[in-house]
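Student: To be precise about what I am sending: the file is called structure07.cif and holds mmCIF, C-alpha atoms.
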```
data_input
loop_
_atom_site.label_atom_id
_atom_site.label_comp_id
_atom_site.auth_asym_id
_atom_site.auth_seq_id
_atom_site.Cartn_x
_atom_site.Cartn_y
_atom_site.Cartn_z
CA MET A 23 -6.77 -11.98 -28.52
CA ILE A 24 -8.88 -8.94 -27.58
CA LEU A 25 -8.89 -10.17 -24.00
CA LEU A 26 -5.10 -10.38 -23.97
CA LEU A 27 -4.75 -6.91 -25.47
CA SER A 28 -7.17 -5.51 -22.89
CA ALA A 29 -5.24 -7.14 -20.04
CA LEU A 30 -2.01 -5.73 -21.48
CA ALA A 31 -3.54 -2.24 -21.71
CA ILE A 32 -4.63 -2.48 -18.06
CA LEU A 33 -1.12 -3.47 -17.02
CA LEU A 34 0.40 -0.63 -19.02
CA LEU A 35 -1.97 2.02 -17.66
CA THR A 36 -1.49 0.76 -14.10
CA ALA A 37 2.28 0.77 -14.58
CA LEU A 38 2.06 4.27 -16.02
CA ALA A 39 0.18 5.44 -12.90
CA TRP A 40 2.89 3.85 -10.74
CA GLY A 41 5.62 5.37 -12.89
CA MET A 42 4.08 8.83 -12.66
CA GLY A 43 4.36 8.61 -8.90
CA PHE A 44 0.77 7.84 -7.93
CA ARG A 45 1.91 5.45 -5.22
CA ASN A 46 1.76 7.54 -2.07
CA ARG A 47 1.52 6.01 1.37
CA PRO A 48 0.57 9.13 3.33
CA THR A 49 0.85 9.57 7.06
CA LEU A 50 -1.65 11.14 9.42
CA ASP A 51 -1.23 14.05 11.77
CA GLU A 52 -3.85 15.02 14.34
CA SER A 53 -5.71 17.51 12.17
CA ALA A 54 -5.78 15.13 9.19
CA ALA A 55 -7.10 12.32 11.41
CA CYS A 56 -9.87 14.60 12.74
CA ALA A 57 -10.77 15.79 9.24
CA GLU A 58 -10.93 12.23 7.95
CA ALA A 59 -13.13 11.03 10.81
CA GLU A 60 -15.45 14.04 10.68
CA GLY A 61 -15.65 13.91 6.90
CA ARG A 62 -16.55 10.25 6.74
CA ILE A 63 -18.78 9.77 9.79
CA ALA A 64 -21.85 11.99 9.62
CA GLY A 65 -22.40 14.01 12.78
CA PHE A 66 -19.05 13.06 14.33
CA ARG A 67 -17.13 15.85 16.07
CA ALA A 68 -13.57 15.06 17.05
CA ALA A 69 -12.29 15.85 20.53
CA ALA A 70 -9.04 13.93 20.85
CA VAL A 71 -6.70 11.86 18.70
CA ALA A 72 -4.46 8.91 19.41
CA LEU A 73 -2.07 8.53 16.50
CA ALA A 74 -0.58 5.20 15.58
CA ASP A 75 3.19 5.02 15.37
CA GLY A 76 4.47 6.55 12.16
CA GLY A 77 1.11 8.19 11.52
CA ARG A 78 -0.17 4.99 9.89
CA GLY A 79 -3.59 5.16 11.51
CA ALA A 80 -5.42 6.73 14.39
CA ILE A 81 -8.24 6.40 16.87
CA VAL A 82 -10.28 9.56 17.21
CA ARG A 83 -12.54 10.23 20.18
CA GLY A 84 -15.66 12.26 19.55
CA LEU A 85 -17.24 14.93 21.75
CA ASP A 86 -19.93 12.36 22.58
CA GLY A 87 -17.34 9.76 23.62
CA SER A 88 -17.69 7.65 20.48
CA LEU A 89 -14.56 6.30 18.81
CA VAL A 90 -13.59 6.30 15.16
CA LEU A 91 -10.81 4.19 13.73
CA VAL A 92 -8.79 5.56 10.81
CA LEU A 93 -6.71 3.02 8.87
CA PRO A 94 -4.47 3.33 5.82
CA LEU A 95 -5.87 2.13 2.50
CA GLY A 96 -3.88 2.73 -0.68
CA ASP A 97 -3.08 6.42 -0.86
CA GLY A 98 -6.00 7.27 1.41
CA TRP A 99 -7.79 6.18 4.54
CA LEU A 100 -10.53 3.91 5.74
CA THR A 101 -12.73 4.91 8.66
CA ARG A 102 -14.89 2.83 10.94
CA SER A 103 -17.02 3.71 13.95
CA LEU A 104 -15.89 1.48 16.78
CA PRO A 105 -18.65 -0.22 18.77
CA ARG A 106 -18.70 0.55 22.49
CA HIS A 107 -17.53 -2.87 23.58
CA VAL A 108 -15.25 -3.79 20.71
CA ALA A 109 -12.85 -6.59 21.56
CA THR A 110 -9.31 -5.30 21.90
CA HIS A 111 -6.04 -6.82 22.95
CA VAL A 112 -2.78 -5.08 23.68
CA SER A 113 0.34 -7.01 22.89
CA GLY A 114 3.46 -5.02 23.74
CA GLN A 115 3.33 -1.89 21.63
CA VAL A 116 0.61 -3.13 19.30
CA MET A 117 -3.14 -2.81 19.74
CA GLU A 118 -5.27 -5.50 18.18
CA ILE A 119 -8.90 -4.66 17.49
CA ALA A 120 -11.42 -7.29 16.38
CA LEU A 121 -13.75 -5.70 13.86
CA GLY A 122 -15.22 -8.97 12.64
CA GLU A 123 -15.86 -7.77 9.11
CA PRO A 124 -15.13 -9.88 6.06
CA MET A 125 -11.70 -8.74 4.78
CA LEU A 126 -11.25 -6.77 8.02
CA ARG A 127 -11.62 -9.25 10.86
CA ARG A 128 -8.78 -8.03 13.04
CA ILE A 129 -6.47 -5.06 12.71
CA ARG A 130 -3.14 -4.37 14.33
CA LEU A 131 -2.35 -0.79 15.21
CA PRO A 132 1.20 -0.10 16.42
CA MET A 133 0.81 2.44 19.23
CA ALA A 134 3.55 2.47 21.81
CA ALA A 135 2.20 5.46 23.75
CA ARG A 136 -1.52 5.24 24.37
CA PRO A 137 -3.35 8.16 25.99
CA LEU A 138 -5.27 7.45 29.16
CA TRP A 139 -8.65 8.17 27.58
CA LEU A 140 -8.01 5.45 25.03
CA GLU A 141 -6.98 2.92 27.67
CA GLU A 142 -10.16 3.73 29.59
CA ALA A 143 -12.41 3.68 26.56
CA LEU A 144 -11.20 0.30 25.42
CA ALA A 145 -10.80 -1.25 28.87
CA MET B 8 -30.38 -2.43 -39.61
CA LYS B 9 -26.91 -3.05 -38.17
CA LEU B 10 -25.49 -0.22 -36.08
CA PRO B 11 -21.97 0.08 -34.66
CA ASP B 12 -21.18 -0.27 -30.96
CA PRO B 13 -20.18 3.27 -29.90
CA VAL B 14 -18.29 2.01 -26.85
CA SER B 15 -15.90 -0.11 -28.95
CA TYR B 16 -15.07 2.90 -31.10
CA ALA B 17 -14.55 5.09 -28.02
CA ILE B 18 -12.05 2.81 -26.23
CA PRO B 19 -8.91 4.35 -27.82
CA ALA B 20 -10.18 7.79 -26.79
CA PHE B 21 -10.83 6.47 -23.25
CA VAL B 22 -7.21 5.31 -22.98
CA LEU B 23 -5.79 8.60 -24.31
CA LEU B 24 -8.00 10.67 -22.02
CA ILE B 25 -6.95 8.62 -18.97
CA ILE B 26 -3.29 9.28 -19.82
CA LEU B 27 -4.05 12.99 -20.31
CA GLU B 28 -5.90 13.11 -16.99
CA MET B 29 -2.99 11.43 -15.17
CA TRP B 30 -0.63 14.04 -16.62
CA LEU B 31 -2.94 16.90 -15.65
CA THR B 32 -3.35 15.47 -12.14
CA ARG B 33 0.41 15.40 -11.72
CA ARG B 34 0.93 18.82 -13.30
CA ARG B 35 -1.93 20.74 -11.64
CA GLY B 36 -2.14 18.92 -8.31
CA VAL B 37 -5.91 18.69 -8.75
CA GLY B 38 -7.61 15.33 -8.36
CA ARG B 39 -6.15 12.03 -7.21
CA TYR B 40 -4.81 8.86 -8.76
CA ASP B 41 -3.51 5.76 -7.06
CA TRP B 42 -2.00 2.97 -9.13
CA ARG B 43 -3.66 0.27 -7.01
CA ASP B 44 -7.08 1.88 -7.28
CA ALA B 45 -6.70 2.57 -11.01
CA GLY B 46 -5.63 -1.03 -11.63
CA ALA B 47 -8.66 -2.30 -9.70
CA SER B 48 -11.02 0.00 -11.62
CA LEU B 49 -9.64 -1.05 -15.00
CA THR B 50 -9.79 -4.73 -14.02
CA LEU B 51 -13.41 -4.29 -12.99
CA GLY B 52 -14.06 -2.67 -16.37
CA LEU B 53 -12.59 -5.66 -18.18
CA GLY B 54 -14.60 -8.05 -16.00
CA SER B 55 -17.75 -6.11 -16.79
CA THR B 56 -17.06 -6.41 -20.52
CA ILE B 57 -16.60 -10.18 -20.17
CA ALA B 58 -19.80 -10.50 -18.11
CA GLY B 59 -21.64 -8.43 -20.72
CA ALA B 60 -20.39 -10.66 -23.52
CA LEU B 61 -21.56 -13.75 -21.65
CA THR B 62 -25.05 -12.43 -20.95
CA GLY B 63 -25.53 -10.06 -23.89
CA ALA B 64 -27.25 -12.64 -26.11
CA ALA B 65 -29.91 -13.26 -23.46
CA VAL B 66 -30.57 -9.53 -23.11
CA VAL B 67 -30.86 -9.09 -26.87
CA ALA B 68 -33.18 -12.11 -27.11
CA MET B 69 -35.41 -10.63 -24.41
CA ALA B 70 -35.48 -7.26 -26.16
CA VAL B 71 -36.44 -8.86 -29.47
CA TRP B 72 -39.13 -10.93 -27.75
CA PHE B 73 -40.68 -7.84 -26.13
CA TYR B 74 -40.38 -5.90 -29.40
CA GLN B 75 -42.87 -8.22 -31.12
CA PHE B 76 -45.57 -6.83 -28.79
CA ARG B 77 -44.78 -3.18 -29.73
CA LEU B 78 -47.42 -0.49 -29.91
CA PHE B 79 -45.89 1.40 -32.86
CA ASP B 80 -43.57 0.72 -35.77
CA ILE B 81 -40.88 3.35 -35.24
CA PRO B 82 -38.62 3.72 -38.29
CA PHE B 83 -34.87 4.20 -38.39
CA ALA B 84 -35.25 7.97 -38.90
CA TRP B 85 -33.15 10.80 -37.43
CA TRP B 86 -36.01 12.02 -35.23
CA ALA B 87 -36.53 8.49 -33.91
CA PHE B 88 -32.86 8.30 -32.88
CA LEU B 89 -33.21 11.63 -31.06
CA LEU B 90 -36.38 10.54 -29.32
CA ALA B 91 -34.84 7.18 -28.45
CA PHE B 92 -31.77 8.90 -26.98
CA VAL B 93 -33.90 11.13 -24.73
CA LEU B 94 -36.28 8.37 -23.61
CA ASP B 95 -33.43 5.94 -23.07
CA ASP B 96 -31.84 8.54 -20.81
CA LEU B 97 -35.10 8.79 -18.87
CA ALA B 98 -35.11 4.99 -18.53
CA TYR B 99 -31.52 5.24 -17.33
CA TYR B 100 -32.57 7.77 -14.69
CA ALA B 101 -35.26 5.37 -13.44
CA PHE B 102 -32.79 2.48 -13.39
CA HIS B 103 -30.09 4.53 -11.70
CA ARG B 104 -32.39 5.88 -9.01
CA SER B 105 -33.56 2.34 -8.27
CA ALA B 106 -29.95 1.19 -8.25
CA HIS B 107 -29.36 3.51 -5.29
CA ARG B 108 -32.64 3.03 -3.48
CA VAL B 109 -33.22 -0.74 -3.77
CA ARG B 110 -30.55 -2.96 -2.27
CA TRP B 111 -31.02 -5.71 -4.88
CA PHE B 112 -30.08 -3.30 -7.66
CA TRP B 113 -27.49 -1.56 -5.46
CA ALA B 114 -25.66 -4.87 -5.03
CA SER B 115 -24.68 -4.64 -8.69
CA HIS B 116 -24.25 -0.90 -8.95
CA VAL B 117 -22.18 -0.44 -5.79
CA ILE B 118 -19.13 -1.61 -7.75
CA HIS B 119 -19.15 1.65 -9.67
CA HIS B 120 -19.11 3.67 -6.44
CA SER B 121 -16.68 1.54 -4.46
CA SER B 122 -13.59 3.65 -5.20
CA GLN B 123 -12.66 6.55 -2.96
CA HIS B 124 -11.11 8.18 -6.02
CA TYR B 125 -12.91 10.06 -8.74
CA ASN B 126 -11.14 9.97 -12.06
CA LEU B 127 -11.67 8.57 -15.53
CA THR B 128 -10.74 5.04 -14.45
CA THR B 129 -13.65 5.20 -12.01
CA ALA B 130 -15.95 5.54 -15.03
CA LEU B 131 -14.78 2.12 -16.22
CA ARG B 132 -15.38 0.49 -12.81
CA GLN B 133 -18.56 -1.24 -13.94
CA THR B 134 -20.72 -4.06 -12.68
CA TRP B 135 -20.11 -7.75 -13.20
CA THR B 136 -23.54 -8.76 -11.98
CA GLY B 137 -25.96 -6.47 -13.82
CA PHE B 138 -27.66 -9.44 -15.44
CA LEU B 139 -28.27 -11.04 -12.06
CA SER B 140 -29.94 -7.92 -10.63
CA LEU B 141 -32.11 -7.56 -13.76
CA GLY B 142 -31.27 -3.91 -14.33
CA PHE B 143 -31.95 -4.32 -18.06
CA LEU B 144 -35.68 -4.56 -17.28
CA PHE B 145 -35.82 -0.75 -17.13
CA ARG B 146 -35.28 -0.51 -20.88
CA LEU B 147 -38.00 -3.01 -21.82
CA PRO B 148 -40.78 -0.35 -22.05
CA LEU B 149 -38.85 1.25 -24.91
CA PHE B 150 -39.13 -1.95 -26.93
CA LEU B 151 -42.84 -2.19 -26.12
CA ILE B 152 -43.32 1.38 -27.38
CA GLY B 153 -41.76 0.26 -30.66
CA PHE B 154 -38.15 1.42 -30.70
CA PRO B 155 -36.09 -1.24 -32.52
CA PRO B 156 -33.68 -3.04 -30.18
CA ALA B 157 -30.70 -2.12 -32.39
CA MET B 158 -31.60 1.56 -32.06
CA ILE B 159 -31.92 1.37 -28.28
CA PHE B 160 -28.65 -0.51 -27.85
CA PHE B 161 -26.96 2.09 -30.08
CA VAL B 162 -28.23 5.10 -28.12
CA ALA B 163 -27.52 3.29 -24.83
CA GLY B 164 -23.92 2.96 -26.03
CA LEU B 165 -23.81 6.69 -26.78
CA ASN B 166 -25.21 7.36 -23.30
CA LEU B 167 -22.44 5.27 -21.74
CA VAL B 168 -19.77 7.05 -23.80
CA TYR B 169 -21.12 10.44 -22.68
CA GLN B 170 -20.93 9.39 -19.06
CA PHE B 171 -17.23 8.57 -19.32
CA TRP B 172 -15.83 12.10 -19.48
CA ILE B 173 -17.85 13.44 -16.52
CA HIS B 174 -15.85 11.26 -14.09
CA THR B 175 -13.11 13.79 -13.52
CA GLU B 176 -11.96 16.49 -11.15
CA GLN B 177 -10.01 18.21 -13.91
CA VAL B 178 -13.09 20.05 -15.17
CA GLY B 179 -14.58 22.59 -12.78
CA ARG B 180 -17.86 24.14 -13.81
CA LEU B 181 -18.97 24.59 -17.40
CA PRO B 182 -21.07 27.44 -18.88
CA ARG B 183 -24.35 27.97 -17.03
CA TRP B 184 -26.56 26.95 -19.94
CA PHE B 185 -24.68 23.64 -20.19
CA GLU B 186 -24.77 22.98 -16.44
CA ALA B 187 -28.52 23.72 -16.51
CA VAL B 188 -29.37 21.04 -19.05
CA MET B 189 -26.59 18.48 -19.16
CA ASN B 190 -24.97 16.18 -16.65
CA THR B 191 -21.48 17.54 -16.02
CA PRO B 192 -18.39 16.65 -13.99
CA SER B 193 -19.61 18.99 -11.25
CA HIS B 194 -23.06 17.38 -11.04
CA HIS B 195 -21.63 13.89 -11.14
CA ARG B 196 -19.02 14.58 -8.47
CA VAL B 197 -22.00 15.23 -6.21
CA HIS B 198 -23.46 11.89 -7.19
CA HIS B 199 -20.28 10.01 -6.25
CA ALA B 200 -19.86 11.79 -2.92
CA VAL B 201 -20.76 10.46 0.52
CA ASN B 202 -21.13 13.87 2.16
CA PRO B 203 -24.58 13.76 3.82
CA ARG B 204 -25.73 16.72 1.71
CA TYR B 205 -24.88 14.83 -1.47
CA LEU B 206 -26.09 11.31 -0.68
CA ASP B 207 -28.51 9.89 -3.27
CA ARG B 208 -28.58 12.92 -5.50
CA ASN B 209 -28.00 13.58 -9.23
CA TYR B 210 -28.94 10.26 -10.80
CA ALA B 211 -28.88 11.63 -14.35
CA GLY B 212 -27.01 9.97 -17.18
CA VAL B 213 -26.86 12.66 -19.87
CA PHE B 214 -29.58 15.23 -19.07
CA ILE B 215 -29.57 16.68 -15.54
CA ILE B 216 -33.13 17.92 -16.17
CA TRP B 217 -34.52 14.59 -14.87
CA ASP B 218 -33.11 15.29 -11.42
CA LYS B 219 -34.54 18.79 -11.50
CA MET B 220 -37.92 17.44 -12.58
CA PHE B 221 -38.06 14.67 -10.00
CA GLY B 222 -36.58 16.54 -7.02
CA THR B 223 -33.21 14.79 -6.72
CA PHE B 224 -30.93 17.59 -7.92
CA GLN B 225 -28.16 18.96 -5.71
CA PRO B 226 -25.56 21.44 -6.98
CA GLU B 227 -21.94 21.07 -5.93
CA GLU B 228 -21.14 23.49 -3.08
CA ASP B 229 -17.71 25.09 -2.94
CA SER B 230 -17.86 24.91 0.86
CA ASP B 231 -18.53 21.16 0.91
CA ARG B 232 -15.79 19.37 -1.01
CA PRO B 233 -16.98 15.95 -2.20
CA ARG B 234 -15.58 12.89 -0.45
CA TYR B 235 -15.96 9.94 -2.77
CA GLY B 236 -16.88 6.32 -2.31
CA ILE B 237 -19.52 4.52 -0.30
CA VAL B 238 -20.70 5.07 3.26
CA HIS B 239 -19.21 1.78 4.46
CA ALA B 240 -16.01 1.96 2.45
CA LEU B 241 -14.41 -1.29 1.32
CA PRO B 242 -11.39 -2.26 3.41
CA THR B 243 -9.53 -3.63 0.40
CA LEU B 244 -8.64 -2.69 -3.17
CA ASN B 245 -9.27 -6.28 -4.32
CA PRO B 246 -11.50 -6.03 -7.44
CA LEU B 247 -13.11 -9.42 -6.87
CA TRP B 248 -14.34 -8.34 -3.44
CA ALA B 249 -15.57 -5.05 -4.90
CA ALA B 250 -17.61 -7.03 -7.43
CA VAL B 251 -19.32 -9.41 -5.03
CA HIS B 252 -19.21 -7.94 -1.51
CA GLU B 253 -22.78 -6.66 -1.40
CA TRP B 254 -24.15 -9.94 -2.75
CA VAL B 255 -22.26 -11.75 0.01
CA ALA B 256 -23.75 -9.35 2.56
CA ILE B 257 -27.24 -9.86 1.12
CA ALA B 258 -26.89 -13.63 1.35
CA ARG B 259 -25.67 -13.38 4.94
CA ASP B 260 -28.50 -11.04 5.91
CA ALA B 261 -31.11 -13.16 4.13
CA VAL B 262 -30.09 -16.22 6.11
CA ARG B 263 -30.33 -14.23 9.36
CA SER B 264 -33.80 -12.82 8.60
CA ARG B 265 -36.38 -13.77 11.19
CA SER B 266 -39.55 -12.99 9.24
CA PRO B 267 -40.70 -12.62 5.61
CA SER B 268 -41.05 -8.85 6.04
CA GLU B 269 -37.50 -8.60 7.35
CA LEU B 270 -36.28 -10.65 4.41
CA LEU B 271 -38.08 -8.33 1.98
CA GLY B 272 -36.58 -5.30 3.70
CA ARG B 273 -33.10 -6.73 3.54
CA LEU B 274 -33.43 -7.62 -0.15
CA PHE B 275 -35.43 -4.72 -1.52
CA GLY B 276 -35.24 -1.98 1.11
CA PRO B 277 -32.82 0.92 0.73
CA PRO B 278 -29.13 0.09 1.22
CA GLY B 279 -28.28 0.15 4.92
CA TRP B 280 -31.81 -0.77 5.98
CA GLN B 281 -32.22 -2.83 9.12
CA PRO B 282 -35.37 -3.85 10.98
CA GLY B 283 -36.63 -1.46 13.61
CA GLY B 284 -35.01 1.56 11.99
CA ALA B 285 -31.59 0.56 13.32
CA GLY B 286 -29.84 0.79 9.97
CA GLU B 287 -27.84 3.56 8.35
CA THR B 288 -29.75 4.71 5.28
CA SER B 289 -29.21 7.94 3.38
CA GLU B 290 -32.16 9.43 5.25
CA THR B 291 -30.87 8.61 8.73
CA ILE B 292 -27.35 9.80 7.86
CA ARG B 293 -28.67 13.07 6.46
CA ALA B 294 -30.94 13.55 9.49
CA ARG B 295 -28.01 13.00 11.90
CA TRP B 296 -25.89 15.46 9.96
CA GLN B 297 -28.65 18.06 9.97
CA ALA B 298 -29.14 17.59 13.70
CA THR B 299 -25.49 18.44 14.30
CA ASN B 300 -25.43 21.18 11.65
CA PRO B 301 -28.75 22.94 12.20
CA LYS B 302 -27.95 25.74 9.76
CA GLN B 303 -27.48 23.30 6.89
CA GLU B 304 -30.21 22.52 4.43
CA ALA B 305 -29.95 19.32 2.46
#
```
Will you turn the file into structure tokens for me?

Tutor:
Amino acid sequence: MILLLSALAILLLTALAWGMGFRNRPTLDESAACAEAEGRIAGFRAAAVALADGGRGAIVRGLDGSLVLVLPLGDGWLTRSLPRHVATHVSGQVMEIALGEPMLRRIRLPMAARPLWLEEALA
Amino acid sequence: MKLPDPVSYAIPAFVLLIILEMWLTRRRGVGRYDWRDAGASLTLGLGSTIAGALTGAAVVAMAVWFYQFRLFDIPFAWWAFLLAFVLDDLAYYAFHRSAHRVRWFWASHVIHHSSQHYNLTTALRQTWTGFLSLGFLFRLPLFLIGFPPAMIFFVAGLNLVYQFWIHTEQVGRLPRWFEAVMNTPSHHRVHHAVNPRYLDRNYAGVFIIWDKMFGTFQPEEDSDRPRYGIVHALPTLNPLWAAVHEWVAIARDAVRSRSPSELLGRLFGPPGWQPGGAGETSETIRARWQATNPKQEA
């Protein structure tokens, strides 16, 4: 009985959060992508940004040439340093990147217009 | 002597304060809530309660067994409760510091830090696997000293209740005398942050004086807004993965270990440790940050 009441309370509080509008799906612009990458990866300094279509992700190049991936997660973002020779595949307007992590094996980043530095970095 | 469980009595207040905090977040634009994250945190809290109910009898039995070897007979007196509360908080500091510095303990504790939000639901995001990592061992010396198990479990409950309200961005800084002695929202925001300056700081439960005594205190800097979560943030809001992901990683790393010393490092080294210094520990992250920000002092 207590278990059922607890589960009900969780549902109600979660629904209340949804009802109060805490269900954002934000989009990135260049400065937000840089801030996210620099804030999450110690020592990273952003030099250039390739935004995914609709601002739903980004790849940020650092001053040292390293790459940081920024992906949407809930109302925020998830960042990952990309290894130098990460496996990528371009299929039409979508980039596929194999991260190989549990729960994050492969991501698809819609990016119709890719800057040259990104094409070269991931070639 | 039978004492009440303070956490059970506090639950209605927890719910009301969460609702109040949501309203303040919406009204003031300070802090963040996300319904998916809040739901995951609350589910993890319920799972932790169930896990505690399943393993609680074993913990109590162990406490009673150790208590028979006590050095003193400490009575149920007001001064004993005060002393127990302070010493239990010191034991909590030792546990909590280990929970961040030893991967075996971190595997359980990481659940509490796995949200990138910092609000009152984060306080309820508690471990499912505390019994497995043996974190309760840190309280055993209190039973050997002679504090009755019922007294320690009571003050530990009070400690947990205190720690609830400090998980908020709605409270800025409190009066200086309070910030000097007690753990506060400001001090604990530092603890939950992944900014290199803040990593592995402010382990206190109730009294921040332990961090000041043992050299792990870091005040919140206005110029360095906390970013919450863990260094390698979880790619999902799935509560089950939050509960077990580090244990899965430990198992995978243990199987890959090529020597007994590597195995020990992967089990009991600091989180992020890898052989040959290749890993990302708090120390290496802070060093890299200081190298690129030479004017900063951690």

Student: Give me the residues of chain A that have any atom at most 6 Å from an atom of chain B; for each, the nearest atom pair and the distance in Å, rounded to one decimal. Use all atoms listed in the file, sort by chain and number, and format it as a tab-separated table.

Tutor:
```
residue	atom	partner	partner_atom	distance
A:Thr36	CA	B:Gly46	CA	5.1
A:Ala39	CA	B:Trp42	CA	5.0
A:Trp40	CA	B:Trp42	CA	5.2
A:Phe44	CA	B:Asp41	CA	4.8
A:Arg45	CA	B:Asp41	CA	5.7
A:Ala64	CA	B:Trp296	CA	5.3
A:Gly65	CA	B:Trp296	CA	4.7
```

Student: With the file shown as input, list the residues that the PyMOL selection byres ((chain A and resi 108) around 9) selects, as a PyMOL selection string.

Tutor: chain A and resi 104-107+109-110+119-121+144

Student: The centre and edge lengths of an axis-aligned box containing all atoms of segment 57-69 of chain A present in the file, extended by 6 Å on each side, are to be given in Å to one decimal, as lines of an AutoDock Vina configuration file.

Tutor:
```
center_x = -16.6
center_y = 12.8
center_z = 13.6
size_x = 23.6
size_y = 18.1
size_z = 25.8
```

Student: Restricting the calculation to all atoms listed in the file: of A:Leu100, A:Cys56, A:Met133, A:Leu35, which residue gets closest to Gly84 of chain A?

Tutor: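 Using all atoms listed in the file, the shortest distance to Gly84 of chain A belongs to A:Cys56.
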
Student: By how many Å are atom CA of Pro282 of chain B and atom CA of Glu269 of chain B apart?

Tutor: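 Pair atom CA of Pro282 of chain B / atom CA of Glu269 of chain B returns 6.3 Å.
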
Student: Name the residues that the PyMOL selection byres ((chain A and resi 73) around 9) picks from the file above, as a list in words, using the file's chain letters and numbers.

Tutor: Leu50, Asp51, Glu52, Ala55, Val71, Ala72, Ala74, Asp75, Gly76, Gly77, Arg78, Gly79, Ala80, Ile81, Val82, Met133, Ala135 and Arg136 of chain A

Student: Using the chain letters and numbers from the file, which residues does the PyMOL selection byres ((chain A and resi 130) around 6) grab, as a list in words?

Tutor: Met117, Glu118, Ile129 and Leu131 of chain A

Student: Can you work out the spacing between atom CA of Gly164 of chain B and atom CA of Ala37 of chain A in Å, to one decimal?

Tutor: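 So the two atoms, atom CA of Gly164 of chain B and atom CA of Ala37 of chain A, lie 28.7 Å apart.
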
Student: Tell me which protein, DNA and RNA residues are within 9 Å of segment 77-93 of chain B, counting all atoms listed in the file, leaving out same-chain ones fewer than 2 positions away, and put them as a list in words.

Tutor: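 Listed by chain and then number, they are Met8, Phe73, Tyr74, Gln75, Asp95, Asp96, Leu97, Ala98, Leu149, Phe150, Leu151, Ile152, Gly153, Phe154, Pro155, Met158, Ile159, Phe161, Val162, Ala163, Leu165, Asn166, Val213 and Phe214 of chain B.
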
Student: Separation of atom CA of Ala101 of chain B and atom CA of Phe224 of chain B, in Å?

Tutor: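 Answer for the atom CA of Ala101 of chain B to atom CA of Phe224 of chain B separation: 14.1 Å.
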
Student: Please rebuild segment 217-228 of chain B with N, CA and C atoms and return the result as a short mmCIF file (atom, residue, chain, number, x, y, z; two decimals), in the frame of the given file.

Tutor:
```cif
data_model
loop_
_atom_site.label_atom_id
_atom_site.label_comp_id
_atom_site.auth_asym_id
_atom_site.auth_seq_id
_atom_site.Cartn_x
_atom_site.Cartn_y
_atom_site.Cartn_z
N TRP B 217 -33.70 15.60 -15.57
CA TRP B 217 -34.52 14.59 -14.87
C TRP B 217 -34.44 14.79 -13.37
N ASP B 218 -33.25 15.07 -12.87
CA ASP B 218 -33.11 15.29 -11.42
C ASP B 218 -33.86 16.54 -10.99
N LYS B 219 -33.82 17.56 -11.84
CA LYS B 219 -34.54 18.79 -11.50
C LYS B 219 -36.05 18.56 -11.54
N MET B 220 -36.49 17.73 -12.47
CA MET B 220 -37.92 17.44 -12.58
C MET B 220 -38.42 16.59 -11.42
N PHE B 221 -37.59 15.64 -10.99
CA PHE B 221 -38.06 14.67 -10.00
C PHE B 221 -37.51 14.93 -8.59
N GLY B 222 -36.94 16.12 -8.38
CA GLY B 222 -36.58 16.54 -7.02
C GLY B 222 -35.36 15.90 -6.43
N THR B 223 -34.42 15.44 -7.27
CA THR B 223 -33.21 14.79 -6.72
C THR B 223 -31.94 15.56 -7.09
N PHE B 224 -32.10 16.81 -7.50
CA PHE B 224 -30.93 17.59 -7.92
C PHE B 224 -30.26 18.26 -6.72
N GLN B 225 -28.94 18.25 -6.73
CA GLN B 225 -28.16 18.96 -5.71
C GLN B 225 -26.92 19.54 -6.39
N PRO B 226 -26.78 20.86 -6.39
CA PRO B 226 -25.56 21.44 -6.98
C PRO B 226 -24.35 21.20 -6.08
N GLU B 227 -23.19 21.20 -6.68
CA GLU B 227 -21.94 21.07 -5.93
C GLU B 227 -21.68 22.39 -5.18
N GLU B 228 -21.39 22.29 -3.90
CA GLU B 228 -21.14 23.49 -3.08
C GLU B 228 -19.63 23.64 -2.89
#
```
